[in-house]
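The data block below is run31.cif; it holds mmCIF, C-alpha atoms (C1' of nucleotides).
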```
data_start
loop_
_atom_site.group_PDB
_atom_site.id
_atom_site.type_symbol
_atom_site.label_atom_id
_atom_site.label_comp_id
_atom_site.auth_asym_id
_atom_site.auth_seq_id
_atom_site.Cartn_x
_atom_site.Cartn_y
_atom_site.Cartn_z
ATOM 1 C CA MET A 962 -13.388 -13.207 -6.636
ATOM 2 C CA ALA A 963 -10.238 -13.310 -4.605
ATOM 3 C CA LYS A 964 -7.942 -10.363 -5.007
ATOM 4 C CA PRO A 965 -5.101 -11.426 -7.264
ATOM 5 C CA PRO A 966 -1.815 -10.890 -5.486
ATOM 6 C CA ILE A 967 0.112 -7.909 -6.801
ATOM 7 C CA ALA A 968 3.480 -9.069 -8.040
ATOM 8 C CA ILE A 969 6.219 -6.500 -8.253
ATOM 9 C CA SER A 970 9.687 -6.868 -9.653
ATOM 10 C CA GLU A 971 12.969 -6.213 -7.964
ATOM 11 C CA ALA A 972 13.463 -2.821 -9.575
ATOM 12 C CA GLU A 973 9.885 -1.856 -8.843
ATOM 13 C CA SER A 974 10.365 -2.676 -5.193
ATOM 14 C CA ARG A 975 13.073 -0.042 -4.998
ATOM 15 C CA VAL A 976 10.537 2.531 -6.041
ATOM 16 C CA MET A 977 8.052 1.194 -3.533
ATOM 17 C CA GLU A 978 10.677 1.634 -0.833
ATOM 18 C CA ALA A 979 10.641 5.348 -1.444
ATOM 19 C CA LEU A 980 6.888 5.404 -1.056
ATOM 20 C CA TRP A 981 6.922 3.206 2.006
ATOM 21 C CA ARG A 982 9.272 5.637 3.656
ATOM 22 C CA LYS A 983 7.104 8.624 2.826
ATOM 23 C CA ALA A 984 3.762 9.011 1.137
ATOM 24 C CA PRO A 985 2.148 10.590 -0.685
ATOM 25 C CA GLN A 986 4.861 12.018 -2.844
ATOM 26 C CA ALA A 987 5.068 13.615 -6.271
ATOM 27 C CA SER A 988 7.022 11.760 -8.909
ATOM 28 C CA GLU A 989 9.774 14.345 -8.771
ATOM 29 C CA ASP A 990 10.406 13.561 -5.124
ATOM 30 C CA ILE A 991 10.186 9.851 -5.710
ATOM 31 C CA VAL A 992 12.763 10.142 -8.435
ATOM 32 C CA ALA A 993 15.038 12.085 -6.117
ATOM 33 C CA ALA A 994 14.557 9.596 -3.305
ATOM 34 C CA VAL A 995 15.271 6.582 -5.475
ATOM 35 C CA GLN A 996 18.310 8.223 -6.959
ATOM 36 C CA GLN A 997 19.807 8.490 -3.495
ATOM 37 C CA ASP A 998 20.346 4.743 -3.547
ATOM 38 C CA SER A 999 20.696 4.074 -7.247
ATOM 39 C CA ASP A 1000 22.019 5.612 -10.388
ATOM 40 C CA TRP A 1001 18.920 5.059 -12.437
ATOM 41 C CA HIS A 1002 17.858 7.550 -14.988
ATOM 42 C CA GLU A 1003 14.862 9.671 -14.149
ATOM 43 C CA LYS A 1004 13.005 8.151 -17.082
ATOM 44 C CA THR A 1005 13.616 4.696 -15.774
ATOM 45 C CA ILE A 1006 12.181 5.530 -12.403
ATOM 46 C CA ARG A 1007 9.112 7.139 -13.927
ATOM 47 C CA THR A 1008 8.589 4.072 -16.075
ATOM 48 C CA LEU A 1009 8.715 1.861 -13.025
ATOM 49 C CA LEU A 1010 6.269 4.141 -11.262
ATOM 50 C CA GLY A 1011 3.939 3.889 -14.230
ATOM 51 C CA ARG A 1012 4.129 0.128 -14.203
ATOM 52 C CA LEU A 1013 3.382 0.058 -10.515
ATOM 53 C CA LEU A 1014 0.330 2.195 -11.186
ATOM 54 C CA GLY A 1015 -0.787 -0.198 -13.888
ATOM 55 C CA LYS A 1016 -0.439 -3.091 -11.501
ATOM 56 C CA GLY A 1017 -2.397 -1.310 -8.840
ATOM 57 C CA ALA A 1018 0.526 -1.373 -6.438
ATOM 58 C CA VAL A 1019 0.369 2.379 -6.056
ATOM 59 C CA SER A 1020 -2.413 4.915 -6.351
ATOM 60 C CA ALA A 1021 -2.247 8.340 -7.918
ATOM 61 C CA GLU A 1022 -4.309 11.275 -6.887
ATOM 62 C CA LYS A 1023 -4.380 14.377 -8.973
ATOM 63 C CA ASP A 1024 -2.923 17.397 -7.289
ATOM 64 C CA GLY A 1025 -3.092 20.302 -9.667
ATOM 65 C CA ARG A 1026 -1.362 19.202 -12.803
ATOM 66 C CA ARG A 1027 0.688 16.505 -11.168
ATOM 67 C CA TYR A 1028 -0.121 13.401 -9.295
ATOM 68 C CA LEU A 1029 0.628 12.439 -5.773
ATOM 69 C CA TYR A 1030 1.478 8.793 -5.460
ATOM 70 C CA ALA A 1031 0.876 6.520 -2.522
ATOM 71 C CA PRO A 1032 1.473 2.829 -1.973
ATOM 72 C CA VAL A 1033 -1.458 0.467 -2.117
ATOM 73 C CA LEU A 1034 0.568 -2.655 -1.544
ATOM 74 C CA THR A 1035 2.056 -2.371 1.926
ATOM 75 C CA ARG A 1036 5.559 -3.327 2.798
ATOM 76 C CA GLU A 1037 4.201 -5.993 5.113
ATOM 77 C CA GLN A 1038 2.063 -7.514 2.391
ATOM 78 C CA TRP A 1039 5.036 -7.594 0.099
ATOM 79 C CA GLN A 1040 7.302 -9.108 2.728
ATOM 80 C CA SER A 1041 4.654 -11.735 3.371
ATOM 81 C CA GLN A 1042 4.334 -12.595 -0.272
ATOM 82 C CA GLU A 1043 8.040 -12.860 -0.785
ATOM 83 C CA SER A 1044 8.588 -14.863 2.370
ATOM 84 C CA ARG A 1045 5.851 -17.276 1.545
ATOM 85 C CA SER A 1046 7.163 -17.631 -1.944
ATOM 86 C CA LEU A 1047 10.610 -18.567 -0.661
ATOM 87 C CA LEU A 1048 9.132 -20.928 1.858
ATOM 88 C CA ASP A 1049 7.027 -22.721 -0.709
ATOM 89 C CA ARG A 1050 9.419 -22.694 -3.636
ATOM 90 C CA VAL A 1051 12.603 -23.530 -1.810
ATOM 91 C CA PHE A 1052 11.748 -25.201 1.466
ATOM 92 C CA GLY A 1053 8.641 -27.165 0.647
ATOM 93 C CA GLY A 1054 6.505 -24.834 2.711
ATOM 94 C CA ARG A 1055 8.060 -25.885 6.000
ATOM 95 C CA LEU A 1056 9.612 -23.357 8.308
ATOM 96 C CA GLY A 1057 11.781 -25.893 10.062
ATOM 97 C CA PRO A 1058 14.186 -26.438 7.194
ATOM 98 C CA LEU A 1059 14.374 -22.735 6.559
ATOM 99 C CA LEU A 1060 15.252 -22.020 10.162
ATOM 100 C CA ALA A 1061 17.735 -24.858 10.206
ATOM 101 C CA HIS A 1062 19.290 -23.437 7.134
ATOM 102 C CA PHE A 1063 19.706 -20.020 8.679
ATOM 103 C CA SER A 1064 21.109 -21.428 11.860
ATOM 104 C CA GLU A 1065 23.721 -23.338 9.948
ATOM 105 C CA HIS A 1066 24.689 -20.885 7.315
ATOM 106 C CA GLU A 1067 23.965 -17.435 8.611
ATOM 107 C CA LYS A 1068 25.714 -15.780 11.425
ATOM 108 C CA LEU A 1069 23.145 -14.909 14.035
ATOM 109 C CA GLY A 1070 23.788 -11.695 15.851
ATOM 110 C CA ALA A 1071 22.752 -11.064 19.411
ATOM 111 C CA LYS A 1072 19.710 -9.255 18.152
ATOM 112 C CA ASP A 1073 18.713 -12.160 15.999
ATOM 113 C CA VAL A 1074 18.985 -14.510 18.918
ATOM 114 C CA ALA A 1075 16.900 -12.172 21.022
ATOM 115 C CA GLU A 1076 14.312 -12.083 18.290
ATOM 116 C CA LEU A 1077 14.300 -15.842 18.202
ATOM 117 C CA ARG A 1078 13.731 -16.030 21.935
ATOM 118 C CA LYS A 1079 10.922 -13.583 21.701
ATOM 119 C CA LEU A 1080 9.381 -15.577 18.937
ATOM 120 C CA LEU A 1081 9.565 -18.773 20.927
ATOM 121 C CA ALA A 1082 8.271 -17.114 24.072
ATOM 122 C CA ALA A 1083 5.286 -15.773 22.207
ATOM 123 C CA ILE A 1084 4.541 -19.204 20.891
ATOM 124 C CA GLU A 1085 4.791 -20.819 24.265
ATOM 125 C CA LYS A 1086 2.480 -18.322 25.806
ATOM 126 C CA LYS A 1087 -0.096 -18.861 23.126
ATOM 127 C CA GLU A 1088 0.288 -22.576 23.337
ATOM 128 C CA ARG A 1089 -1.548 -22.954 26.621
ATOM 129 C CA MET B 15 38.080 -14.680 -10.314
ATOM 130 C CA ALA B 16 35.260 -15.618 -8.020
ATOM 131 C CA LYS B 17 32.896 -18.201 -9.363
ATOM 132 C CA PRO B 18 29.766 -16.398 -10.472
ATOM 133 C CA PRO B 19 26.747 -17.725 -8.632
ATOM 134 C CA ILE B 20 24.603 -20.001 -10.739
ATOM 135 C CA ALA B 21 21.125 -18.545 -11.002
ATOM 136 C CA ILE B 22 18.339 -20.912 -11.870
ATOM 137 C CA SER B 23 14.747 -20.114 -12.612
ATOM 138 C CA GLU B 24 11.670 -21.454 -10.907
ATOM 139 C CA ALA B 25 10.928 -23.982 -13.634
ATOM 140 C CA GLU B 26 14.533 -25.047 -13.773
ATOM 141 C CA SER B 27 14.519 -25.714 -10.058
ATOM 142 C CA ARG B 28 11.812 -28.305 -10.570
ATOM 143 C CA VAL B 29 14.139 -30.212 -12.813
ATOM 144 C CA MET B 30 16.945 -29.848 -10.300
ATOM 145 C CA GLU B 31 14.653 -31.373 -7.695
ATOM 146 C CA ALA B 32 14.538 -34.568 -9.678
ATOM 147 C CA LEU B 33 18.306 -34.664 -9.791
ATOM 148 C CA TRP B 34 18.688 -33.805 -6.151
ATOM 149 C CA ARG B 35 16.522 -36.749 -5.294
ATOM 150 C CA LYS B 36 18.495 -39.130 -7.461
ATOM 151 C CA ALA B 37 21.597 -38.746 -9.554
ATOM 152 C CA PRO B 38 22.951 -39.456 -12.001
ATOM 153 C CA GLN B 39 19.953 -40.024 -14.207
ATOM 154 C CA ALA B 40 19.300 -40.190 -17.938
ATOM 155 C CA SER B 41 17.068 -37.508 -19.403
ATOM 156 C CA GLU B 42 14.321 -40.025 -19.935
ATOM 157 C CA ASP B 43 14.164 -40.731 -16.226
ATOM 158 C CA ILE B 44 14.376 -37.067 -15.353
ATOM 159 C CA VAL B 45 11.482 -36.375 -17.648
ATOM 160 C CA ALA B 46 9.469 -39.126 -16.014
ATOM 161 C CA ALA B 47 10.342 -37.899 -12.537
ATOM 162 C CA VAL B 48 9.435 -34.299 -13.272
ATOM 163 C CA GLN B 49 6.209 -35.322 -14.908
ATOM 164 C CA GLN B 50 5.144 -36.945 -11.659
ATOM 165 C CA ASP B 51 4.673 -33.486 -10.211
ATOM 166 C CA SER B 52 3.882 -31.473 -13.290
ATOM 167 C CA ASP B 53 2.157 -31.722 -16.606
ATOM 168 C CA TRP B 54 5.013 -30.333 -18.611
ATOM 169 C CA HIS B 55 5.696 -31.632 -22.050
ATOM 170 C CA GLU B 56 8.726 -33.826 -22.464
ATOM 171 C CA LYS B 57 10.229 -31.231 -24.796
ATOM 172 C CA THR B 58 9.859 -28.559 -22.171
ATOM 173 C CA ILE B 59 11.689 -30.583 -19.593
ATOM 174 C CA ARG B 60 14.502 -31.401 -21.976
ATOM 175 C CA THR B 61 14.818 -27.735 -22.825
ATOM 176 C CA LEU B 62 15.121 -26.854 -19.152
ATOM 177 C CA LEU B 63 17.704 -29.562 -18.715
ATOM 178 C CA GLY B 64 19.659 -28.129 -21.624
ATOM 179 C CA ARG B 65 19.548 -24.676 -20.132
ATOM 180 C CA LEU B 66 20.743 -26.006 -16.813
ATOM 181 C CA LEU B 67 23.643 -27.633 -18.616
ATOM 182 C CA GLY B 68 24.451 -24.359 -20.310
ATOM 183 C CA LYS B 69 24.462 -22.597 -16.974
ATOM 184 C CA GLY B 70 26.704 -25.201 -15.462
ATOM 185 C CA ALA B 71 24.110 -26.153 -12.875
ATOM 186 C CA VAL B 72 24.222 -29.775 -13.989
ATOM 187 C CA SER B 73 26.898 -31.899 -15.572
ATOM 188 C CA ALA B 74 26.475 -34.482 -18.304
ATOM 189 C CA GLU B 75 28.584 -37.538 -18.752
ATOM 190 C CA LYS B 76 28.318 -39.577 -21.876
ATOM 191 C CA ASP B 77 27.002 -43.052 -21.297
ATOM 192 C CA GLY B 78 26.843 -44.818 -24.627
ATOM 193 C CA ARG B 79 24.300 -43.113 -26.786
ATOM 194 C CA ARG B 80 22.921 -40.886 -24.028
ATOM 195 C CA TYR B 81 24.077 -38.702 -21.254
ATOM 196 C CA LEU B 82 23.805 -39.163 -17.567
ATOM 197 C CA TYR B 83 23.062 -35.941 -15.785
ATOM 198 C CA ALA B 84 24.066 -34.960 -12.283
ATOM 199 C CA PRO B 85 23.609 -31.782 -10.286
ATOM 200 C CA VAL B 86 26.567 -29.484 -9.862
ATOM 201 C CA LEU B 87 24.695 -26.869 -7.907
ATOM 202 C CA THR B 88 23.639 -28.499 -4.661
ATOM 203 C CA ARG B 89 20.282 -28.058 -3.057
ATOM 204 C CA GLU B 90 21.980 -26.462 -0.084
ATOM 205 C CA GLN B 91 23.805 -23.955 -2.248
ATOM 206 C CA TRP B 92 20.594 -23.066 -3.956
ATOM 207 C CA GLN B 93 18.688 -22.727 -0.708
ATOM 208 C CA SER B 94 21.459 -20.496 0.581
ATOM 209 C CA GLN B 95 21.370 -18.294 -2.452
ATOM 210 C CA GLU B 96 17.637 -17.922 -2.382
ATOM 211 C CA SER B 97 17.516 -17.294 1.343
ATOM 212 C CA ARG B 98 20.196 -14.678 1.179
ATOM 213 C CA SER B 99 18.460 -13.062 -1.728
ATOM 214 C CA LEU B 100 15.230 -12.776 0.235
ATOM 215 C CA LEU B 101 17.057 -11.499 3.264
ATOM 216 C CA ASP B 102 18.872 -8.813 1.327
ATOM 217 C CA ARG B 103 16.143 -7.797 -1.062
ATOM 218 C CA VAL B 104 13.225 -7.796 1.305
ATOM 219 C CA PHE B 105 14.516 -7.483 4.838
ATOM 220 C CA GLY B 106 17.526 -5.256 4.429
ATOM 221 C CA GLY B 107 19.845 -8.125 5.193
ATOM 222 C CA ARG B 108 18.756 -8.408 8.803
ATOM 223 C CA LEU B 109 17.450 -11.666 10.179
ATOM 224 C CA GLY B 110 15.549 -10.053 13.028
ATOM 225 C CA PRO B 111 12.861 -8.503 10.872
ATOM 226 C CA LEU B 112 12.504 -11.718 8.927
ATOM 227 C CA LEU B 113 11.993 -13.717 12.076
ATOM 228 C CA ALA B 114 9.617 -11.129 13.427
ATOM 229 C CA HIS B 115 7.686 -11.340 10.250
ATOM 230 C CA PHE B 116 7.342 -15.086 10.469
ATOM 231 C CA SER B 117 6.331 -14.954 14.081
ATOM 232 C CA GLU B 118 3.578 -12.522 13.312
ATOM 233 C CA HIS B 119 2.279 -13.756 10.039
ATOM 234 C CA GLU B 120 2.995 -17.423 9.637
ATOM 235 C CA LYS B 121 1.294 -20.184 11.453
ATOM 236 C CA LEU B 122 3.919 -22.390 12.992
ATOM 237 C CA GLY B 123 3.285 -26.084 13.075
ATOM 238 C CA ALA B 124 4.435 -28.308 15.890
ATOM 239 C CA LYS B 125 7.389 -29.371 13.849
ATOM 240 C CA ASP B 126 8.373 -25.808 13.208
ATOM 241 C CA VAL B 127 8.234 -25.038 16.887
ATOM 242 C CA ALA B 128 10.338 -28.072 17.671
ATOM 243 C CA GLU B 129 12.857 -26.959 15.099
ATOM 244 C CA LEU B 130 12.918 -23.541 16.663
ATOM 245 C CA ARG B 131 13.572 -24.960 20.106
ATOM 246 C CA LYS B 132 16.335 -27.135 18.794
ATOM 247 C CA LEU B 133 17.863 -24.207 17.021
ATOM 248 C CA LEU B 134 17.780 -22.026 20.089
ATOM 249 C CA ALA B 135 19.156 -24.778 22.268
ATOM 250 C CA ALA B 136 22.041 -25.267 19.900
ATOM 251 C CA ILE B 137 22.789 -21.598 19.982
ATOM 252 C CA GLU B 138 22.699 -21.453 23.739
ATOM 253 C CA LYS B 139 25.002 -24.353 24.038
ATOM 254 C CA LYS B 140 27.491 -22.811 21.705
ATOM 255 C CA GLU B 141 27.191 -19.492 23.437
ATOM 256 C CA ARG B 142 29.097 -20.504 26.524
ATOM 257 C "C1'" DA C 423 0.546 35.289 -27.518
ATOM 258 C "C1'" DG C 424 4.408 32.533 -28.604
ATOM 259 C "C1'" DT C 425 7.916 29.694 -26.685
ATOM 260 C "C1'" DT C 426 9.972 26.859 -23.451
ATOM 261 C "C1'" DT C 427 9.360 23.265 -20.060
ATOM 262 C "C1'" DC C 428 8.047 19.372 -17.898
ATOM 263 C "C1'" DA C 429 4.960 15.412 -16.137
ATOM 264 C "C1'" DG C 430 2.996 11.801 -17.900
ATOM 265 C "C1'" DA C 431 1.909 8.561 -21.936
ATOM 266 C "C1'" DC C 432 3.570 5.819 -25.433
ATOM 267 C "C1'" DT C 433 7.309 3.347 -27.766
ATOM 268 C "C1'" DA C 434 11.669 0.649 -27.910
ATOM 269 C "C1'" DC C 435 14.702 -3.110 -27.421
ATOM 270 C "C1'" DG C 436 17.454 -6.937 -25.936
ATOM 271 C "C1'" DC C 437 17.457 -10.656 -22.489
ATOM 272 C "C1'" DC C 438 15.352 -14.207 -19.635
ATOM 273 C "C1'" DC C 439 11.573 -17.367 -18.931
ATOM 274 C "C1'" DG C 440 7.858 -20.626 -19.827
ATOM 275 C "C1'" DT C 441 6.580 -23.563 -23.112
ATOM 276 C "C1'" DA C 442 7.225 -25.966 -26.840
ATOM 277 C "C1'" DA C 443 8.130 -27.547 -32.101
ATOM 278 C "C1'" DT C 444 11.478 -28.722 -35.614
ATOM 279 C "C1'" DC C 445 15.778 -30.581 -37.265
ATOM 280 C "C1'" DC C 446 19.521 -33.910 -37.298
ATOM 281 C "C1'" DA C 447 22.464 -37.744 -36.644
ATOM 282 C "C1'" DG C 448 23.283 -42.098 -34.649
ATOM 283 C "C1'" DT C 449 20.906 -46.499 -33.144
ATOM 284 C "C1'" DT C 450 17.934 -50.093 -33.673
ATOM 285 C "C1'" DG C 451 14.369 -52.990 -35.678
ATOM 286 C "C1'" DG C 452 13.062 -55.368 -39.718
ATOM 287 C "C1'" DC D 1430 20.668 -52.150 -45.959
ATOM 288 C "C1'" DC D 1431 16.888 -49.115 -45.290
ATOM 289 C "C1'" DA D 1432 13.404 -47.135 -42.422
ATOM 290 C "C1'" DA D 1433 11.829 -45.732 -38.117
ATOM 291 C "C1'" DC D 1434 12.845 -43.906 -33.795
ATOM 292 C "C1'" DT D 1435 14.822 -41.132 -30.413
ATOM 293 C "C1'" DG D 1436 18.038 -38.050 -27.659
ATOM 294 C "C1'" DG D 1437 20.027 -34.003 -28.187
ATOM 295 C "C1'" DA D 1438 20.693 -29.373 -30.581
ATOM 296 C "C1'" DT D 1439 18.574 -25.547 -32.593
ATOM 297 C "C1'" DT D 1440 14.864 -22.482 -33.278
ATOM 298 C "C1'" DA D 1441 10.438 -20.135 -31.884
ATOM 299 C "C1'" DC D 1442 7.527 -16.955 -29.701
ATOM 300 C "C1'" DG D 1443 4.899 -14.069 -26.526
ATOM 301 C "C1'" DG D 1444 5.275 -11.761 -22.000
ATOM 302 C "C1'" DG D 1445 7.916 -9.557 -18.260
ATOM 303 C "C1'" DC D 1446 11.859 -6.894 -16.911
ATOM 304 C "C1'" DG D 1447 15.663 -3.468 -16.936
ATOM 305 C "C1'" DT D 1448 16.615 0.523 -18.979
ATOM 306 C "C1'" DA D 1449 15.641 4.180 -21.370
ATOM 307 C "C1'" DG D 1450 14.082 7.587 -25.522
ATOM 308 C "C1'" DT D 1451 10.314 10.142 -27.887
ATOM 309 C "C1'" DC D 1452 5.878 12.422 -28.115
ATOM 310 C "C1'" DT D 1453 2.261 15.372 -26.324
ATOM 311 C "C1'" DG D 1454 -0.539 18.570 -23.992
ATOM 312 C "C1'" DA D 1455 -0.868 21.972 -20.785
ATOM 313 C "C1'" DA D 1456 1.326 25.215 -17.597
ATOM 314 C "C1'" DA D 1457 4.658 28.783 -16.941
ATOM 315 C "C1'" DC D 1458 7.710 32.308 -18.386
ATOM 316 C "C1'" DT D 1459 8.720 36.345 -21.250
#
```
What does this structure look like when you write it as structure tokens?
Amino acid sequence: MAKPPIAISEAESRVMEALWRKAPQASEDIVAAVQQDSDWHEKTIRTLLGRLLGKGAVSAEKDGRRYLYAPVLTREQWQSQESRSLLDRVFGGRLGPLLAHFSEHEKLGAKDVAELRKLLAAIEKKER
Amino acid sequence: MAKPPIAISEAESRVMEALWRKAPQASEDIVAAVQQDSDWHEKTIRTLLGRLLGKGAVSAEKDGRRYLYAPVLTREQWQSQESRSLLDRVFGGRLGPLLAHFSEHEKLGAKDVAELRKLLAAIEKKER
DNA sequence: AGTTTCAGACTACGCCCGTAATCCAGTTGG
DNA sequence: CCAACTGGATTACGGGCGTAGTCTGAAACT
């Protein structure tokens, strides 16, 4: 069977962020890390961690009486899923319209333009 | 006060699609249009339409015994909202990483590449 | 050894969403 | 004029999500 994609919610992704930055970590440290950027209650963060475990988005390895948590879903996988979802849901699966949209409505910084050039250069190289 | 952004759900967006393609339309026609691409029950579609009305995403004008519905939220506004949401939630608000992601993980069709070139050309022209 | 503590498990609860079914009043067909 | 029909309004219901609170078992402190 194909692996079912792991869907995580907005709030859950904030917890994943902490793990993507550093892993493995004990829940105490995760709580502290997440609280740097949010005002969530410790209980809330632990609940989210538990849900992520249930979904298989993180793994837990026993370390004494506590667990050390690590991400299973990578940030890249998540970014891919979310990007593809936007592409399919909102732009009919075509990159063109999405890019056109960004070019019209988002201010592109110098770095963005450089990234665009790089992207195009890579494509052209591969093309022949 | 600033107008609060109108958030619509996935299913609701399917109904909006029908209205974006043609408006105004009576609910009967909307139902028929949506059913072309889905197997939703008529009642379901009417419920979604009602919710969209409640959210102010569509307007209804009485036309005899029925209403004629029209979109208030435009497709472009919606695409903007969703794009910005992805950008902020998943890519820290920076376009570069998003573009890098697409260049690495998405297969670009010829049309996409053309769109990219056009986009870059437009930028270069504006740049000087 | 008894008590306090704390990580993790289980429970809670209101709101949104997907997906309808039921109810009601005005229109229309007979 | 009465019955059937139909669009719209109201109600339903289970699952996920945001946001915790409570319970429990074992470790740690005294």
Near-region 440-442 of chain C list (9 Å; only C-alpha atoms (C1' of nucleotides); drop same-chain fewer than 5 positions) as a ChimeraX atom specification: /B:25,54-55,57-58,61 /D:1441
I need the contact residues of chain D against chain A, so if you could list those with any atom within 9 Å, counting all atoms listed in the file, and return them as a list of chain:residue names, that would help.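 For chain D, the answer reads D:DC1446, D:DG1447, D:DT1448, D:DA1449, D:DG1450, D:DA1455, D:DA1456.
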Could you give me the centre and size, in Å to one decimal, of an axis-aligned box around all listed atoms of region 1442-1454 of chain D with 3 Å added on every side, as lines of an AutoDock Vina configuration file?
```
center_x = 8.0
center_y = 0.8
center_z = -23.3
size_x = 23.2
size_y = 41.5
size_z = 18.8
```
For chain B, work out the contacting residues on chain C at 12 Å, counting only C-alpha atoms (C1' of nucleotides), and write them as a JSON list (two decimals) with C-alpha atoms (C1' of nucleotides), in the coordinates of the input.
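Writing done, so here's out32.json:
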```json
[["chain", "number", "residue", "atom", "x", "y", "z"],
["C", 438, "DC", "C1'", 15.35, -14.21, -19.64],
["C", 439, "DC", "C1'", 11.57, -17.37, -18.93],
["C", 440, "DG", "C1'", 7.86, -20.63, -19.83],
["C", 441, "DT", "C1'", 6.58, -23.56, -23.11],
["C", 442, "DA", "C1'", 7.22, -25.97, -26.84],
["C", 443, "DA", "C1'", 8.13, -27.55, -32.10],
["C", 444, "DT", "C1'", 11.48, -28.72, -35.61],
["C", 447, "DA", "C1'", 22.46, -37.74, -36.64],
["C", 448, "DG", "C1'", 23.28, -42.10, -34.65],
["C", 449, "DT", "C1'", 20.91, -46.50, -33.14],
["C", 450, "DT", "C1'", 17.93, -50.09, -33.67]]
```
Counting only C-alpha atoms (C1' of nucleotides), what is within 12 Å of region 984-995 of chain A, bar same-chain residues fewer than 6 positions away, as JSON, numbers by chain? {"A": [972, 973, 974, 975, 976, 977, 978, 1001, 1002, 1003, 1004, 1005, 1006, 1007, 1008, 1009, 1010, 1011, 1014, 1019, 1020, 1021, 1022, 1023, 1024, 1025, 1026, 1027, 1028, 1029, 1030, 1031, 1032, 1033, 1035], "C": [428, 429, 430]}
Hey, what comes out of the PyMOL selection byres ((chain A) within 7 of (chain B)) on this file? Could you write it as a PDB file with C-alpha atoms, in the coordinates of the input?
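Everything below was put into part_3.pdb:
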```
ATOM      1  CA  GLN A1040       7.302  -9.108   2.728  1.00  0.00           C
ATOM      2  CA  VAL A1051      12.603 -23.530  -1.810  1.00  0.00           C
ATOM      3  CA  LEU A1056       9.612 -23.357   8.308  1.00  0.00           C
ATOM      4  CA  GLY A1057      11.781 -25.893  10.062  1.00  0.00           C
ATOM      5  CA  ALA A1061      17.735 -24.858  10.206  1.00  0.00           C
ATOM      6  CA  SER A1064      21.109 -21.428  11.860  1.00  0.00           C
ATOM      7  CA  LYS A1072      19.710  -9.255  18.152  1.00  0.00           C
ATOM      8  CA  ASP A1073      18.713 -12.160  15.999  1.00  0.00           C
ATOM      9  CA  GLU A1076      14.312 -12.083  18.290  1.00  0.00           C
ATOM     10  CA  LEU A1077      14.300 -15.842  18.202  1.00  0.00           C
ATOM     11  CA  LEU A1080       9.381 -15.577  18.937  1.00  0.00           C
TER      12      LEU A1080
END
```
State, in Å with one decimal place, the distance from CA of Arg35 (chain B) to C1' of DG1436 (chain D). 22.5 Å
Atomic distance CA of Ala71 (chain B) - C1' of DT1435 (chain D), expressed in Å with one decimal: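 Distance between the two atoms: 24.9 Å.
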Show me, as a PDB file with C-alpha atoms (C1' of nucleotides), keeping the file's coordinate frame, the residues that have an atom within 12 Å of DA1457 (chain D) when counting only C-alpha atoms (C1' of nucleotides), minus same-chain residues fewer than 5 positions from it.
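The resulting file, out12.pdb, is reproduced below:
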```pdb
ATOM      1  C1'  DT C 425       7.916  29.694 -26.685  1.00  0.00           C
ATOM      2  C1'  DT C 426       9.972  26.859 -23.451  1.00  0.00           C
ATOM      3  C1'  DT C 427       9.360  23.265 -20.060  1.00  0.00           C
ATOM      4  C1'  DC C 428       8.047  19.372 -17.898  1.00  0.00           C
TER       5       DC C 428
END
```
